[in-house]
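K.L.:
This is the structure I want to talk about, given as structure tokens.
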Amino acid sequence: NVELYFEKFEVRGVIILGHALRSPRTRPFFLSAANYFVNITHREKLPVVYLHGDGHKWDVDTKLSHQLHWKNYYDIQVDQGGLADPVIVDIAPQVKGKVKALKATNDMQLILAKGLIRIDRQRGLYKDPKVFDT
């Protein structure tokens, strides 16, 4: 139960791992998830990331966040597995109650939520997906 986590733990952000694209068929799931954050004052600033494949091409989609006025929602689609390295997700450490914000060290990294989350695409798409580095 999502509510139990909010009661027991300090939640600084939420990352949902999935496969399916947002579509009319999956829209009810995303609207249901939004109910835990949108228009709830003490949660509306929590970053929520939906990290998924299925579209097979890197994309940061903001349509749902605009439709629901949910500015801290990020829909991130990763490149197809056979064409790129897996992404690396870093969460900023909290030292003595203060978040130590992450920064991008190259142009393949996406920083979200004021440095709380960093998504690293590593090298991006392989030059030749049939030839593997040794």
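We label chains A, B, ... in the order they appear in the structure tokens, count residues from 1 in each chain, and number ligands from 1 in the order shown.
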At a cut-off of 12 Å, using only C-alpha atoms, what residues contact Met108 of chain A? Leave out same-chain residues fewer than 5 positions from it and give the result as a PDB file with N, CA, C and O atoms, in the first residue's frame.
P.N.:
ATOM      1  N   TRP A  58      14.907   6.885 -26.783  1.00  0.00           N
ATOM      2  CA  TRP A  58      14.985   7.818 -25.661  1.00  0.00           C
ATOM      3  C   TRP A  58      14.001   8.968 -25.866  1.00  0.00           C
ATOM      4  O   TRP A  58      13.949   9.584 -26.934  1.00  0.00           O
ATOM      5  N   ASP A  85      23.418   0.790 -23.933  1.00  0.00           N
ATOM      6  CA  ASP A  85      23.680   0.310 -22.574  1.00  0.00           C
ATOM      7  C   ASP A  85      22.478   0.608 -21.685  1.00  0.00           C
ATOM      8  O   ASP A  85      21.720   1.549 -21.951  1.00  0.00           O
ATOM      9  N   VAL A  87      20.478   2.216 -18.608  1.00  0.00           N
ATOM     10  CA  VAL A  87      20.667   3.490 -17.916  1.00  0.00           C
ATOM     11  C   VAL A  87      21.114   3.213 -16.477  1.00  0.00           C
ATOM     12  O   VAL A  87      20.873   2.137 -15.930  1.00  0.00           O
ATOM     13  N   ILE A  88      21.760   4.197 -15.897  1.00  0.00           N
ATOM     14  CA  ILE A  88      22.139   4.148 -14.480  1.00  0.00           C
ATOM     15  C   ILE A  88      21.331   5.232 -13.782  1.00  0.00           C
ATOM     16  O   ILE A  88      21.315   6.390 -14.218  1.00  0.00           O
ATOM     17  N   LYS A 103      24.963  16.416  -9.945  1.00  0.00           N
ATOM     18  CA  LYS A 103      25.163  17.268 -11.112  1.00  0.00           C
ATOM     19  C   LYS A 103      25.463  16.387 -12.316  1.00  0.00           C
ATOM     20  O   LYS A 103      25.942  15.267 -12.173  1.00  0.00           O
ATOM     21  N   ARG A 118      19.516  11.473 -10.911  1.00  0.00           N
ATOM     22  CA  ARG A 118      20.318  11.587 -12.134  1.00  0.00           C
ATOM     23  C   ARG A 118      20.134  10.300 -12.927  1.00  0.00           C
ATOM     24  O   ARG A 118      20.297   9.206 -12.399  1.00  0.00           O
ATOM     25  N   ILE A 119      19.784  10.445 -14.208  1.00  0.00           N
ATOM     26  CA  ILE A 119      19.654   9.294 -15.100  1.00  0.00           C
ATOM     27  C   ILE A 119      20.753   9.411 -16.145  1.00  0.00           C
ATOM     28  O   ILE A 119      20.812  10.386 -16.889  1.00  0.00           O
ATOM     29  N   ASP A 120      21.613   8.406 -16.157  1.00  0.00           N
ATOM     30  CA  ASP A 120      22.789   8.406 -17.023  1.00  0.00           C
ATOM     31  C   ASP A 120      22.565   7.426 -18.165  1.00  0.00           C
ATOM     32  O   ASP A 120      22.419   6.228 -17.953  1.00  0.00           O
ATOM     33  N   ARG A 121      22.564   7.943 -19.383  1.00  0.00           N
ATOM     34  CA  ARG A 121      22.390   7.105 -20.567  1.00  0.00           C
ATOM     35  C   ARG A 121      23.708   6.449 -20.974  1.00  0.00           C
ATOM     36  O   ARG A 121      23.773   5.765 -22.004  1.00  0.00           O
ATOM     37  N   GLN A 122      24.746   6.634 -20.215  1.00  0.00           N
ATOM     38  CA  GLN A 122      26.082   6.121 -20.492  1.00  0.00           C
ATOM     39  C   GLN A 122      26.561   6.594 -21.860  1.00  0.00           C
ATOM     40  O   GLN A 122      26.719   7.791 -22.057  1.00  0.00           O
ATOM     41  N   ARG A 123      26.733   5.710 -22.790  1.00  0.00           N
ATOM     42  CA  ARG A 123      27.262   6.091 -24.106  1.00  0.00           C
ATOM     43  C   ARG A 123      26.175   6.344 -25.134  1.00  0.00           C
ATOM     44  O   ARG A 123      26.454   6.607 -26.295  1.00  0.00           O
ATOM     45  N   GLY A 124      24.917   6.224 -24.754  1.00  0.00           N
ATOM     46  CA  GLY A 124      23.834   6.385 -25.717  1.00  0.00           C
ATOM     47  C   GLY A 124      23.733   5.170 -26.626  1.00  0.00           C
ATOM     48  O   GLY A 124      24.094   4.058 -26.244  1.00  0.00           O
ATOM     49  N   LEU A 125      23.273   5.382 -27.826  1.00  0.00           N
ATOM     50  CA  LEU A 125      23.115   4.283 -28.786  1.00  0.00           C
ATOM     51  C   LEU A 125      24.467   3.759 -29.232  1.00  0.00           C
ATOM     52  O   LEU A 125      25.426   4.522 -29.411  1.00  0.00           O
TER      53      LEU A 125
END
K.L.:
Please return, as a list in words, all residues of segment 6-83 of chain A that DSSP assigns to strand (DSSP E) on the basis of the backbone.
P.N.:
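Here is the list: Val14, Ile15, Ile16, Leu17, Val48, Val49, Tyr50, Leu51, His52, Asp59, Val60, Asp61, Tyr73, Tyr74, Asp75, Ile76 and Gln77 of chain A.
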K.L.:
I'd like the contact shell of segment 33-39 of chain A - 9 Å cut-off, only C-alpha atoms, skipping same-chain residues fewer than 6 positions apart - returned as a PyMOL selection string.
P.N.:
chain A and resi 2-3+45-46+48+68-70+73
K.L.:
Next, write the just-selected residues to a file, as an mmCIF file, in the first residue's frame, keeping N, CA and C atoms as the atom set.
P.N.:
data_model
loop_
_atom_site.group_PDB
_atom_site.id
_atom_site.type_symbol
_atom_site.label_atom_id
_atom_site.label_comp_id
_atom_site.auth_asym_id
_atom_site.auth_seq_id
_atom_site.Cartn_x
_atom_site.Cartn_y
_atom_site.Cartn_z
ATOM 1 N N VAL A 2 0.638 2.143 -0.939
ATOM 2 C CA VAL A 2 1.421 3.365 -1.066
ATOM 3 C C VAL A 2 1.291 4.228 0.183
ATOM 4 N N GLU A 3 0.108 4.335 0.727
ATOM 5 C CA GLU A 3 -0.115 5.178 1.903
ATOM 6 C C GLU A 3 0.758 4.747 3.084
ATOM 7 N N LYS A 45 5.059 18.360 -4.421
ATOM 8 C CA LYS A 45 6.422 18.680 -4.846
ATOM 9 C C LYS A 45 7.324 17.449 -4.934
ATOM 10 N N LEU A 46 6.809 16.284 -4.559
ATOM 11 C CA LEU A 46 7.600 15.058 -4.676
ATOM 12 C C LEU A 46 7.791 14.703 -6.148
ATOM 13 N N VAL A 48 8.124 12.340 -9.254
ATOM 14 C CA VAL A 48 7.697 10.996 -9.610
ATOM 15 C C VAL A 48 8.210 10.722 -11.025
ATOM 16 N N LEU A 68 -2.325 17.272 -16.355
ATOM 17 C CA LEU A 68 -2.793 17.215 -14.964
ATOM 18 C C LEU A 68 -2.219 18.329 -14.090
ATOM 19 N N HIS A 69 -1.431 19.207 -14.693
ATOM 20 C CA HIS A 69 -0.744 20.269 -13.929
ATOM 21 C C HIS A 69 0.092 19.651 -12.808
ATOM 22 N N TRP A 70 0.805 18.600 -13.173
ATOM 23 C CA TRP A 70 1.633 17.816 -12.247
ATOM 24 C C TRP A 70 3.080 18.008 -12.692
ATOM 25 N N TYR A 73 6.158 15.329 -12.384
ATOM 26 C CA TYR A 73 6.036 13.994 -12.972
ATOM 27 C C TYR A 73 6.869 13.935 -14.251
#
K.L.:
Within 12 Å of Arg12 of chain A, counting only C-alpha atoms, which residues qualify if same-chain residues fewer than 4 places away don't, as an mmCIF file with N, CA, C and O atoms, in the first residue's frame?
P.N.:
data_model
loop_
_atom_site.group_PDB
_atom_site.id
_atom_site.type_symbol
_atom_site.label_atom_id
_atom_site.label_comp_id
_atom_site.auth_asym_id
_atom_site.auth_seq_id
_atom_site.Cartn_x
_atom_site.Cartn_y
_atom_site.Cartn_z
ATOM 1 N N TYR A 5 3.787 3.554 3.028
ATOM 2 C CA TYR A 5 5.140 4.110 2.855
ATOM 3 C C TYR A 5 5.182 5.570 3.257
ATOM 4 O O TYR A 5 6.138 6.021 3.873
ATOM 5 N N PHE A 6 4.162 6.329 2.898
ATOM 6 C CA PHE A 6 4.130 7.743 3.270
ATOM 7 C C PHE A 6 4.011 7.922 4.780
ATOM 8 O O PHE A 6 4.533 8.877 5.339
ATOM 9 N N HIS A 42 1.037 18.405 0.654
ATOM 10 C CA HIS A 42 2.315 17.938 1.199
ATOM 11 C C HIS A 42 3.026 16.930 0.293
ATOM 12 O O HIS A 42 4.142 16.512 0.595
ATOM 13 N N ARG A 43 2.416 16.549 -0.832
ATOM 14 C CA ARG A 43 3.052 15.603 -1.757
ATOM 15 C C ARG A 43 3.281 16.185 -3.152
ATOM 16 O O ARG A 43 3.992 15.591 -3.949
ATOM 17 N N GLU A 44 2.684 17.310 -3.454
ATOM 18 C CA GLU A 44 2.714 17.800 -4.825
ATOM 19 C C GLU A 44 4.122 18.144 -5.317
ATOM 20 O O GLU A 44 4.359 18.185 -6.517
ATOM 21 N N LYS A 45 5.059 18.360 -4.421
ATOM 22 C CA LYS A 45 6.422 18.680 -4.846
ATOM 23 C C LYS A 45 7.324 17.449 -4.934
ATOM 24 O O LYS A 45 8.473 17.548 -5.332
ATOM 25 N N LEU A 46 6.809 16.284 -4.559
ATOM 26 C CA LEU A 46 7.600 15.058 -4.676
ATOM 27 C C LEU A 46 7.791 14.703 -6.148
ATOM 28 O O LEU A 46 6.824 14.620 -6.898
ATOM 29 N N PRO A 47 9.029 14.474 -6.572
ATOM 30 C CA PRO A 47 9.234 14.048 -7.959
ATOM 31 C C PRO A 47 8.805 12.590 -8.141
ATOM 32 O O PRO A 47 9.072 11.735 -7.299
ATOM 33 N N VAL A 48 8.124 12.340 -9.254
ATOM 34 C CA VAL A 48 7.697 10.996 -9.610
ATOM 35 C C VAL A 48 8.210 10.722 -11.025
ATOM 36 O O VAL A 48 7.925 11.480 -11.949
ATOM 37 N N VAL A 49 8.984 9.646 -11.173
ATOM 38 C CA VAL A 49 9.550 9.276 -12.462
ATOM 39 C C VAL A 49 8.963 7.940 -12.885
ATOM 40 O O VAL A 49 8.996 6.980 -12.111
ATOM 41 N N ASN A 72 5.937 17.854 -11.365
ATOM 42 C CA ASN A 72 7.030 17.013 -10.873
ATOM 43 C C ASN A 72 6.920 15.562 -11.327
ATOM 44 O O ASN A 72 7.503 14.671 -10.720
ATOM 45 N N ILE A 91 20.501 8.332 -6.993
ATOM 46 C CA ILE A 91 19.695 9.135 -6.079
ATOM 47 C C ILE A 91 20.665 9.887 -5.179
ATOM 48 O O ILE A 91 21.593 9.297 -4.623
ATOM 49 N N ALA A 92 20.451 11.172 -5.031
ATOM 50 C CA ALA A 92 21.351 12.009 -4.232
ATOM 51 C C ALA A 92 21.367 11.545 -2.777
ATOM 52 O O ALA A 92 20.313 11.230 -2.213
ATOM 53 N N PRO A 93 22.544 11.509 -2.191
ATOM 54 C CA PRO A 93 22.626 11.141 -0.775
ATOM 55 C C PRO A 93 22.099 12.263 0.114
ATOM 56 O O PRO A 93 22.101 13.428 -0.275
ATOM 57 N N GLN A 94 21.668 11.863 1.284
ATOM 58 C CA GLN A 94 21.240 12.836 2.281
ATOM 59 C C GLN A 94 22.234 12.741 3.424
ATOM 60 O O GLN A 94 22.379 11.692 4.050
ATOM 61 N N GLY A 97 20.677 15.240 7.181
ATOM 62 C CA GLY A 97 19.394 15.847 6.880
ATOM 63 C C GLY A 97 19.366 16.754 5.663
ATOM 64 O O GLY A 97 18.332 17.310 5.333
ATOM 65 N N LYS A 98 20.492 16.908 4.983
ATOM 66 C CA LYS A 98 20.539 17.790 3.817
ATOM 67 C C LYS A 98 20.889 16.987 2.570
ATOM 68 O O LYS A 98 21.857 16.237 2.558
ATOM 69 N N VAL A 99 20.093 17.153 1.517
ATOM 70 C CA VAL A 99 20.337 16.449 0.261
ATOM 71 C C VAL A 99 21.534 17.079 -0.431
ATOM 72 O O VAL A 99 21.619 18.295 -0.572
ATOM 73 N N ALA A 113 14.519 16.974 -10.549
ATOM 74 C CA ALA A 113 14.134 17.326 -9.176
ATOM 75 C C ALA A 113 15.257 18.023 -8.413
ATOM 76 O O ALA A 113 15.609 17.622 -7.309
ATOM 77 N N LYS A 114 15.815 19.048 -9.034
ATOM 78 C CA LYS A 114 16.854 19.869 -8.396
ATOM 79 C C LYS A 114 18.038 19.039 -7.930
ATOM 80 O O LYS A 114 18.612 19.271 -6.875
ATOM 81 N N GLY A 115 18.395 18.019 -8.695
ATOM 82 C CA GLY A 115 19.571 17.211 -8.372
ATOM 83 C C GLY A 115 19.304 15.990 -7.516
ATOM 84 O O GLY A 115 20.235 15.283 -7.151
ATOM 85 N N LEU A 116 18.058 15.699 -7.210
ATOM 86 C CA LEU A 116 17.738 14.510 -6.412
ATOM 87 C C LEU A 116 17.971 13.232 -7.221
ATOM 88 O O LEU A 116 18.433 12.229 -6.695
ATOM 89 N N ILE A 117 17.672 13.282 -8.528
ATOM 90 C CA ILE A 117 17.758 12.093 -9.378
ATOM 91 C C ILE A 117 18.618 12.407 -10.598
ATOM 92 O O ILE A 117 18.454 13.455 -11.224
#
K.L.:
Closest to Tyr50 of chain A among A:Ile76, A:Ala20, A:Leu102, A:Val11, using only C-alpha atoms?
P.N.:
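Of A:Ile76, A:Ala20, A:Leu102, A:Val11, the one nearest Tyr50 of chain A is A:Ile76, counting only C-alpha atoms.
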K.L.:
Quick one: distance from atom CA of Tyr74 of chain A to atom CA of Thr62 of chain A in Å, one decimal?
P.N.:
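For atom CA of Tyr74 of chain A relative to atom CA of Thr62 of chain A, the distance reads 6.6 Å.
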K.L.:
Point out the residue among A:Val78, A:Ala104, A:Leu31, A:Ala84 with the least atom-to-atom distance to Gly18 of chain A, counting only C-alpha atoms.
P.N.:
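So, comparing all the options, the nearest one is A:Val78.
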K.L.:
Please, which residues of chain A, numbered as in this document, come out alpha helix (DSSP H) from DSSP, as a ChimeraX atom specification?
P.N.:
/A:2-8,27-34,63-67
K.L.:
Convert the current residue selection to file output with N, CA, C and O atoms, as a compact mmCIF listing (two decimals), in the first residue's frame.
P.N.:
# COMPACT_ATOMS: atom_id res chain seq x y z
N VAL A 2 0.64 2.14 -0.94
CA VAL A 2 1.42 3.36 -1.07
C VAL A 2 1.29 4.23 0.18
O VAL A 2 2.27 4.80 0.67
N GLU A 3 0.11 4.33 0.73
CA GLU A 3 -0.11 5.18 1.90
C GLU A 3 0.76 4.75 3.08
O GLU A 3 1.23 5.58 3.85
N LEU A 4 0.98 3.46 3.23
CA LEU A 4 1.81 2.95 4.32
C LEU A 4 3.24 3.49 4.22
O LEU A 4 3.83 3.87 5.23
N TYR A 5 3.79 3.55 3.03
CA TYR A 5 5.14 4.11 2.86
C TYR A 5 5.18 5.57 3.26
O TYR A 5 6.14 6.02 3.87
N PHE A 6 4.16 6.33 2.90
CA PHE A 6 4.13 7.74 3.27
C PHE A 6 4.01 7.92 4.78
O PHE A 6 4.53 8.88 5.34
N GLU A 7 3.34 7.01 5.45
CA GLU A 7 3.18 7.10 6.90
C GLU A 7 4.46 6.72 7.63
O GLU A 7 4.82 7.32 8.63
N LYS A 8 5.19 5.69 7.15
CA LYS A 8 6.33 5.14 7.88
C LYS A 8 7.68 5.73 7.51
O LYS A 8 8.60 5.69 8.31
N ARG A 27 -3.99 4.43 -19.48
CA ARG A 27 -4.28 5.72 -18.85
C ARG A 27 -4.88 5.59 -17.45
O ARG A 27 -4.50 6.33 -16.55
N PRO A 28 -5.81 4.65 -17.20
CA PRO A 28 -6.36 4.54 -15.84
C PRO A 28 -5.29 4.31 -14.77
O PRO A 28 -5.40 4.83 -13.66
N PHE A 29 -4.26 3.53 -15.09
CA PHE A 29 -3.18 3.30 -14.12
C PHE A 29 -2.51 4.62 -13.75
O PHE A 29 -2.28 4.92 -12.58
N PHE A 30 -2.17 5.43 -14.75
CA PHE A 30 -1.46 6.68 -14.50
C PHE A 30 -2.34 7.70 -13.79
O PHE A 30 -1.86 8.44 -12.92
N LEU A 31 -3.62 7.72 -14.11
CA LEU A 31 -4.53 8.61 -13.40
C LEU A 31 -4.68 8.20 -11.95
O LEU A 31 -4.73 9.03 -11.05
N SER A 32 -4.70 6.89 -11.70
CA SER A 32 -4.76 6.38 -10.34
C SER A 32 -3.50 6.76 -9.56
O SER A 32 -3.57 7.20 -8.41
N ALA A 33 -2.35 6.61 -10.19
CA ALA A 33 -1.08 6.98 -9.54
C ALA A 33 -1.06 8.47 -9.23
O ALA A 33 -0.59 8.89 -8.16
N ALA A 34 -1.57 9.27 -10.15
CA ALA A 34 -1.59 10.72 -9.95
C ALA A 34 -2.40 11.11 -8.72
O ALA A 34 -2.08 12.10 -8.04
N LYS A 63 3.60 15.26 -21.63
CA LYS A 63 2.18 15.47 -21.92
C LYS A 63 1.29 15.29 -20.68
O LYS A 63 0.44 16.13 -20.39
N LEU A 64 1.48 14.19 -19.95
CA LEU A 64 0.62 13.94 -18.79
C LEU A 64 0.85 14.99 -17.70
O LEU A 64 -0.09 15.47 -17.08
N SER A 65 2.11 15.35 -17.48
CA SER A 65 2.38 16.36 -16.45
C SER A 65 1.69 17.68 -16.80
O SER A 65 1.17 18.36 -15.91
N HIS A 66 1.64 18.04 -18.07
CA HIS A 66 0.95 19.27 -18.48
C HIS A 66 -0.58 19.13 -18.36
O HIS A 66 -1.25 20.03 -17.87
N GLN A 67 -1.10 17.98 -18.78
CA GLN A 67 -2.55 17.77 -18.72
C GLN A 67 -3.08 17.84 -17.30
O GLN A 67 -4.16 18.38 -17.05
K.L.:
Counting only C-alpha atoms, figure out which residue out of A:Lys127, A:Lys57, A:Arg22, A:Lys96 gets nearest to Gln77 of chain A.
P.N.:
A:Lys57
